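S.K.: The structure file work.cif (mmCIF, C-alpha atoms) is provided below.
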data_upload
loop_
_atom_site.group_PDB
_atom_site.id
_atom_site.type_symbol
_atom_site.label_atom_id
_atom_site.label_comp_id
_atom_site.auth_asym_id
_atom_site.auth_seq_id
_atom_site.Cartn_x
_atom_site.Cartn_y
_atom_site.Cartn_z
ATOM 1 C CA MET A 1 1.790 -83.049 -44.759
ATOM 2 C CA LYS A 2 3.002 -83.831 -41.228
ATOM 3 C CA ALA A 3 6.715 -83.371 -42.024
ATOM 4 C CA PRO A 4 6.468 -79.689 -43.122
ATOM 5 C CA ILE A 5 4.364 -78.829 -40.072
ATOM 6 C CA VAL A 6 6.804 -80.578 -37.722
ATOM 7 C CA ALA A 7 9.731 -78.808 -39.405
ATOM 8 C CA LEU A 8 7.994 -75.439 -39.104
ATOM 9 C CA LEU A 9 7.176 -76.026 -35.434
ATOM 10 C CA ALA A 10 10.760 -77.088 -34.721
ATOM 11 C CA PHE A 11 12.071 -73.949 -36.431
ATOM 12 C CA LEU A 12 9.698 -71.713 -34.474
ATOM 13 C CA LEU A 13 10.682 -73.397 -31.220
ATOM 14 C CA VAL A 14 14.388 -72.805 -31.877
ATOM 15 C CA VAL A 15 13.809 -69.176 -32.866
ATOM 16 C CA SER A 16 11.522 -68.385 -29.931
ATOM 17 C CA SER A 17 13.740 -70.060 -27.331
ATOM 18 C CA SER A 18 16.967 -68.374 -28.349
ATOM 19 C CA HIS A 19 17.128 -64.628 -28.829
ATOM 20 C CA LYS A 20 20.670 -65.174 -30.126
ATOM 21 C CA ALA A 21 19.085 -66.271 -33.425
ATOM 22 C CA PHE A 22 18.495 -62.583 -34.052
ATOM 23 C CA ALA A 23 21.181 -61.159 -31.776
ATOM 24 C CA ASP A 24 23.205 -58.232 -32.969
ATOM 25 C CA ASP A 25 26.938 -58.755 -32.633
ATOM 26 C CA ASP A 26 27.368 -55.523 -30.714
ATOM 27 C CA GLU A 27 24.518 -55.975 -28.237
ATOM 28 C CA PRO A 28 25.586 -55.858 -24.605
ATOM 29 C CA ALA A 29 26.594 -59.247 -23.241
ATOM 30 C CA GLU A 30 27.944 -60.746 -20.039
ATOM 31 C CA GLY A 31 31.419 -59.474 -19.217
ATOM 32 C CA GLN A 32 30.937 -56.215 -21.095
ATOM 33 C CA LEU A 33 30.511 -52.740 -19.696
ATOM 34 C CA ALA A 34 26.840 -51.865 -19.561
ATOM 35 C CA PRO A 35 25.937 -48.942 -21.813
ATOM 36 C CA ASN A 36 25.070 -45.890 -19.761
ATOM 37 C CA PHE A 37 21.610 -44.404 -20.103
ATOM 38 C CA LYS A 38 19.365 -41.859 -18.467
ATOM 39 C CA ILE A 39 15.588 -42.224 -18.178
ATOM 40 C CA THR A 40 12.769 -40.515 -16.316
ATOM 41 C CA GLN A 41 10.969 -42.905 -13.997
ATOM 42 C CA LEU A 42 7.188 -42.866 -13.696
ATOM 43 C CA ASP A 43 7.469 -40.974 -10.399
ATOM 44 C CA GLY A 44 9.249 -38.146 -12.265
ATOM 45 C CA THR A 45 12.737 -38.788 -10.889
ATOM 46 C CA GLU A 46 15.744 -39.392 -13.121
ATOM 47 C CA PHE A 47 17.601 -42.689 -13.234
ATOM 48 C CA GLN A 48 21.107 -42.709 -14.683
ATOM 49 C CA LEU A 49 22.941 -46.022 -14.680
ATOM 50 C CA SER A 50 26.365 -44.458 -14.120
ATOM 51 C CA ASP A 51 25.113 -42.944 -10.832
ATOM 52 C CA PHE A 52 25.206 -46.442 -9.304
ATOM 53 C CA ARG A 53 28.737 -47.263 -10.351
ATOM 54 C CA GLY A 54 30.800 -47.783 -7.231
ATOM 55 C CA LYS A 55 27.651 -47.701 -5.079
ATOM 56 C CA GLN A 56 25.515 -50.769 -5.762
ATOM 57 C CA SER A 57 24.622 -53.317 -8.403
ATOM 58 C CA VAL A 58 21.591 -52.832 -10.662
ATOM 59 C CA TYR A 59 18.879 -55.271 -11.692
ATOM 60 C CA LEU A 60 17.577 -53.969 -15.034
ATOM 61 C CA VAL A 61 14.388 -55.497 -16.425
ATOM 62 C CA PHE A 62 12.784 -54.736 -19.799
ATOM 63 C CA TRP A 63 9.083 -55.596 -19.772
ATOM 64 C CA ASN A 64 5.576 -54.861 -21.111
ATOM 65 C CA THR A 65 2.136 -54.738 -19.483
ATOM 66 C CA TRP A 66 0.784 -57.506 -21.727
ATOM 67 C CA CYS A 67 3.715 -59.902 -21.158
ATOM 68 C CA THR A 68 2.583 -62.875 -19.059
ATOM 69 C CA TYR A 69 6.182 -63.933 -18.361
ATOM 70 C CA CYS A 70 6.833 -60.423 -17.057
ATOM 71 C CA MET A 71 3.895 -60.761 -14.671
ATOM 72 C CA LYS A 72 5.387 -63.967 -13.283
ATOM 73 C CA LYS A 73 8.525 -61.972 -12.297
ATOM 74 C CA ILE A 74 6.591 -59.429 -10.219
ATOM 75 C CA PRO A 75 6.572 -61.332 -6.880
ATOM 76 C CA LYS A 76 10.354 -61.879 -7.080
ATOM 77 C CA LEU A 77 10.991 -58.235 -7.940
ATOM 78 C CA LYS A 78 8.669 -56.959 -5.215
ATOM 79 C CA ALA A 79 10.321 -59.195 -2.609
ATOM 80 C CA ALA A 80 13.785 -58.091 -3.732
ATOM 81 C CA GLN A 81 12.758 -54.439 -3.570
ATOM 82 C CA GLU A 82 11.585 -54.899 0.008
ATOM 83 C CA ALA A 83 14.447 -57.011 1.319
ATOM 84 C CA LEU A 84 17.438 -55.927 -0.763
ATOM 85 C CA VAL A 85 16.878 -52.249 -1.524
ATOM 86 C CA ASP A 86 20.214 -51.279 0.061
ATOM 87 C CA ASP A 87 22.124 -53.932 -1.890
ATOM 88 C CA ILE A 88 20.717 -53.840 -5.422
ATOM 89 C CA ARG A 89 18.825 -51.188 -7.350
ATOM 90 C CA ILE A 90 15.908 -52.433 -9.432
ATOM 91 C CA ILE A 91 14.663 -50.542 -12.475
ATOM 92 C CA ALA A 92 11.990 -51.971 -14.765
ATOM 93 C CA ILE A 93 11.755 -50.298 -18.163
ATOM 94 C CA ASN A 94 8.643 -50.735 -20.273
ATOM 95 C CA THR A 95 9.837 -51.094 -23.881
ATOM 96 C CA GLY A 96 6.878 -49.116 -25.184
ATOM 97 C CA LEU A 97 5.930 -51.847 -27.660
ATOM 98 C CA LYS A 98 2.112 -51.912 -27.872
ATOM 99 C CA ASP A 99 2.024 -50.019 -24.567
ATOM 100 C CA SER A 100 1.536 -46.531 -23.214
ATOM 101 C CA VAL A 101 2.419 -44.587 -20.092
ATOM 102 C CA GLU A 102 -1.251 -44.727 -19.080
ATOM 103 C CA LYS A 103 -1.338 -48.542 -19.335
ATOM 104 C CA THR A 104 1.930 -48.710 -17.407
ATOM 105 C CA LEU A 105 0.598 -46.535 -14.581
ATOM 106 C CA LYS A 106 -2.590 -48.599 -14.404
ATOM 107 C CA PHE A 107 -0.498 -51.792 -14.352
ATOM 108 C CA GLN A 108 1.669 -50.388 -11.543
ATOM 109 C CA GLN A 109 -1.399 -49.669 -9.445
ATOM 110 C CA GLN A 110 -3.183 -52.940 -10.250
ATOM 111 C CA TRP A 111 -0.157 -55.097 -9.388
ATOM 112 C CA GLN A 112 0.956 -52.834 -6.495
ATOM 113 C CA VAL A 113 4.454 -52.622 -7.943
ATOM 114 C CA ASN A 114 6.874 -51.278 -5.312
ATOM 115 C CA TYR A 115 10.002 -51.029 -7.487
ATOM 116 C CA PRO A 116 10.814 -48.160 -9.873
ATOM 117 C CA LEU A 117 9.231 -48.248 -13.328
ATOM 118 C CA ALA A 118 10.109 -46.224 -16.402
ATOM 119 C CA PHE A 119 8.729 -45.966 -19.937
ATOM 120 C CA ASP A 120 11.107 -46.065 -22.895
ATOM 121 C CA HIS A 121 9.709 -43.435 -25.253
ATOM 122 C CA GLY A 122 11.071 -44.189 -28.709
ATOM 123 C CA LYS A 123 12.668 -47.494 -27.588
ATOM 124 C CA GLN A 124 16.095 -45.855 -27.354
ATOM 125 C CA ILE A 125 17.263 -47.810 -24.298
ATOM 126 C CA THR A 126 15.513 -50.966 -25.458
ATOM 127 C CA ASP A 127 17.470 -50.775 -28.716
ATOM 128 C CA LEU A 128 20.697 -49.804 -26.934
ATOM 129 C CA TYR A 129 20.482 -53.056 -24.965
ATOM 130 C CA GLY A 130 19.493 -55.188 -27.961
ATOM 131 C CA VAL A 131 16.168 -56.179 -26.439
ATOM 132 C CA TRP A 132 13.697 -57.788 -28.801
ATOM 133 C CA GLY A 133 11.618 -59.854 -26.361
ATOM 134 C CA THR A 134 10.324 -59.425 -22.837
ATOM 135 C CA PRO A 135 11.207 -59.961 -20.177
ATOM 136 C CA THR A 136 14.891 -59.352 -20.804
ATOM 137 C CA GLU A 137 16.902 -58.964 -17.619
ATOM 138 C CA PHE A 138 20.387 -57.775 -16.758
ATOM 139 C CA ILE A 139 22.428 -57.804 -13.579
ATOM 140 C CA ILE A 140 25.003 -55.024 -13.730
ATOM 141 C CA ASP A 141 27.595 -55.176 -10.988
ATOM 142 C CA ILE A 142 28.888 -52.289 -8.907
ATOM 143 C CA ASN A 143 31.702 -51.775 -11.432
ATOM 144 C CA GLY A 144 29.288 -51.342 -14.356
ATOM 145 C CA VAL A 145 29.950 -54.786 -15.848
ATOM 146 C CA ILE A 146 27.089 -56.996 -17.054
ATOM 147 C CA ARG A 147 27.171 -60.158 -14.943
ATOM 148 C CA HIS A 148 23.973 -61.722 -16.289
ATOM 149 C CA ARG A 149 21.889 -61.231 -19.399
ATOM 150 C CA ASP A 150 18.799 -63.279 -18.580
ATOM 151 C CA GLY A 151 19.319 -66.416 -16.519
ATOM 152 C CA ILE A 152 19.140 -64.340 -13.334
ATOM 153 C CA PRO A 153 19.783 -66.507 -10.249
ATOM 154 C CA GLY A 154 16.717 -67.354 -8.197
ATOM 155 C CA LYS A 155 18.161 -66.171 -4.891
ATOM 156 C CA LEU A 156 19.692 -62.751 -5.502
ATOM 157 C CA GLU A 157 20.984 -62.509 -1.932
ATOM 158 C CA ASP A 158 23.364 -65.425 -2.582
ATOM 159 C CA HIS A 159 25.194 -63.353 -5.233
ATOM 160 C CA LEU A 160 25.113 -59.808 -3.855
ATOM 161 C CA ALA A 161 28.558 -59.980 -2.250
ATOM 162 C CA GLU A 162 30.030 -60.906 -5.641
ATOM 163 C CA TRP A 163 28.011 -58.301 -7.581
ATOM 164 C CA ASN A 164 28.817 -55.556 -5.083
ATOM 165 C CA LEU A 165 32.547 -56.280 -4.879
ATOM 166 C CA LYS A 166 34.426 -53.200 -6.011
ATOM 167 C CA THR A 167 37.420 -53.765 -8.221
ATOM 168 C CA SER A 168 40.415 -51.465 -8.385
ATOM 169 C CA ASN A 169 39.817 -47.896 -9.509
ATOM 170 C CA GLU A 170 41.608 -48.591 -12.783
ATOM 171 C CA ILE A 171 39.044 -51.182 -13.797
ATOM 172 C CA ALA A 172 36.143 -49.184 -12.448
ATOM 173 C CA ASP A 173 37.405 -46.259 -14.549
ATOM 174 C CA LYS A 174 37.639 -48.505 -17.628
ATOM 175 C CA SER A 175 41.346 -47.860 -18.203
ATOM 176 C CA LEU A 176 42.070 -51.598 -18.049
ATOM 177 C CA CYS A 177 39.048 -52.580 -20.101
ATOM 178 C CA ASP A 178 39.352 -53.721 -23.689
ATOM 179 C CA GLU A 179 37.353 -50.959 -25.377
ATOM 180 C CA ALA A 180 37.130 -52.820 -28.690
ATOM 181 C CA GLN A 181 35.367 -55.725 -26.971
ATOM 182 C CA LYS A 182 33.964 -53.616 -24.113
ATOM 183 C CA ARG A 183 35.198 -56.296 -21.731
ATOM 184 C CA CYS A 184 36.927 -55.997 -18.380
#
Just give me the structure of the file as structure tokens.
M.R.:
Amino acid sequence: MKAPIVALLAFLLVVSSSHKAFADDDEPAEGQLAPNFKITQLDGTEFQLSDFRGKQSVYLVFWNTWCTYCMKKIPKLKAAQEALVDDIRIIAINTGLKDSVEKTLKFQQQWQVNYPLAFDHGKQITDLYGVWGTPTEFIIDINGVIRHRDGIPGKLEDHLAEWNLKTSNEIADKSLCDEAQKRC
């Protein structure tokens, strides 16, 4: 009886610790151009990823109000918003899974969130980025290239010079990127 239970637990551990077990081959990955999207933030303003190309890097976080791991990220995100607002743009998108705009607004107030939040009605952006668990985080550099998918460095300030380094206009305009692989 013990062997099947141990095998089941081992399987569940492998599946839960590696989203690649269910990863779609065409989901955005490190080294690829980040898919552009537009979303209305909770404050009513529009966020469009391409607006930050050539201006500053973006820290994109997919989250939910009920996600305890997401809550553990809040102090880091709040500190980054305060100290690094001119160097990196933070946007946290609620996936909409088992959530609502009302819960998100209440969460924002309760946790005194100081960085922009948005709600993904219909999970369009969540699906575009191949997100199936939260939190899922991306660092998108100033050229629109994904530098990190999860595994975000602890000290963002140590990497900002690299993430905000503009490449030549040809690369920034995607003419030198491999469109089939979406890699630069």
S.K.: Could you spell out the hits of the PyMOL selection byres ((chain A and resi 54) around 6) on the shown file, as a PyMOL selection string?
M.R.: chain A and resi 53+55+142-143
S.K.: Please determine, counting only C-alpha atoms, which residue among A:Glu82, A:Thr65, A:Val131, A:Arg149 has the shortest atom-to-atom distance to A:Gln110.
M.R.: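 Closest residue, counting only C-alpha atoms: A:Thr65.
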S.K.: Given the file shown, determine the residues that the PyMOL selection byres ((chain A and resi 38-42) around 10) selects; report them as a PDB file with C-alpha atoms, keeping the file's coordinate frame.
M.R.:
ATOM      1  CA  ASN A  36      25.070 -45.890 -19.761  1.00  0.00           C
ATOM      2  CA  PHE A  37      21.610 -44.404 -20.103  1.00  0.00           C
ATOM      3  CA  ASP A  43       7.469 -40.974 -10.399  1.00  0.00           C
ATOM      4  CA  GLY A  44       9.249 -38.146 -12.265  1.00  0.00           C
ATOM      5  CA  THR A  45      12.737 -38.788 -10.889  1.00  0.00           C
ATOM      6  CA  GLU A  46      15.744 -39.392 -13.121  1.00  0.00           C
ATOM      7  CA  PHE A  47      17.601 -42.689 -13.234  1.00  0.00           C
ATOM      8  CA  GLN A  48      21.107 -42.709 -14.683  1.00  0.00           C
ATOM      9  CA  LEU A  49      22.941 -46.022 -14.680  1.00  0.00           C
ATOM     10  CA  SER A  50      26.365 -44.458 -14.120  1.00  0.00           C
ATOM     11  CA  ASP A  51      25.113 -42.944 -10.832  1.00  0.00           C
ATOM     12  CA  ILE A  91      14.663 -50.542 -12.475  1.00  0.00           C
ATOM     13  CA  ALA A  92      11.990 -51.971 -14.765  1.00  0.00           C
ATOM     14  CA  ILE A  93      11.755 -50.298 -18.163  1.00  0.00           C
ATOM     15  CA  VAL A 101       2.419 -44.587 -20.092  1.00  0.00           C
ATOM     16  CA  THR A 104       1.930 -48.710 -17.407  1.00  0.00           C
ATOM     17  CA  LEU A 105       0.598 -46.535 -14.581  1.00  0.00           C
ATOM     18  CA  GLN A 108       1.669 -50.388 -11.543  1.00  0.00           C
ATOM     19  CA  PRO A 116      10.814 -48.160  -9.873  1.00  0.00           C
ATOM     20  CA  LEU A 117       9.231 -48.248 -13.328  1.00  0.00           C
ATOM     21  CA  ALA A 118      10.109 -46.224 -16.402  1.00  0.00           C
ATOM     22  CA  PHE A 119       8.729 -45.966 -19.937  1.00  0.00           C
ATOM     23  CA  ASP A 120      11.107 -46.065 -22.895  1.00  0.00           C
ATOM     24  CA  HIS A 121       9.709 -43.435 -25.253  1.00  0.00           C
ATOM     25  CA  GLN A 124      16.095 -45.855 -27.354  1.00  0.00           C
ATOM     26  CA  ILE A 125      17.263 -47.810 -24.298  1.00  0.00           C
TER      27      ILE A 125
END
S.K.: Measuring atom to atom with all atoms listed in the file, identify which of A:Leu165, A:Leu97, A:Ala79, A:Ala29 is nearest to A:Asp150.
M.R.: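 Counting all atoms listed in the file, the residue closest to A:Asp150 is A:Ala29.
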S.K.: Apply the PyMOL selection byres ((chain A and resi 154-162) around 8) to the structure shown and report the selected residues as a PDB file with C-alpha atoms, in the coordinates of the input.
M.R.:
ATOM      1  CA  SER A  57      24.622 -53.317  -8.403  1.00  0.00           C
ATOM      2  CA  ALA A  80      13.785 -58.091  -3.732  1.00  0.00           C
ATOM      3  CA  LEU A  84      17.438 -55.927  -0.763  1.00  0.00           C
ATOM      4  CA  ASP A  87      22.124 -53.932  -1.890  1.00  0.00           C
ATOM      5  CA  ILE A  88      20.717 -53.840  -5.422  1.00  0.00           C
ATOM      6  CA  ILE A 152      19.140 -64.340 -13.334  1.00  0.00           C
ATOM      7  CA  PRO A 153      19.783 -66.507 -10.249  1.00  0.00           C
ATOM      8  CA  TRP A 163      28.011 -58.301  -7.581  1.00  0.00           C
ATOM      9  CA  ASN A 164      28.817 -55.556  -5.083  1.00  0.00           C
ATOM     10  CA  LEU A 165      32.547 -56.280  -4.879  1.00  0.00           C
TER      11      LEU A 165
END
S.K.: In Å, how far is it from atom CA of A:Ala34 to atom CA of A:Val145?
M.R.: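 If I compute the distance from atom CA of A:Ala34 to atom CA of A:Val145, I get 5.7 Å.
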S.K.: Find the residue from A:Phe52, A:His148, A:Tyr59, A:Asn94 that sits nearest to A:Gly133; use all atoms listed in the file when measuring.
M.R.: A:Asn94
S.K.: What is the distance between atom CA of A:Asn114 and atom CA of A:Asp99, in Å to one decimal?
M.R.: 19.9 Å
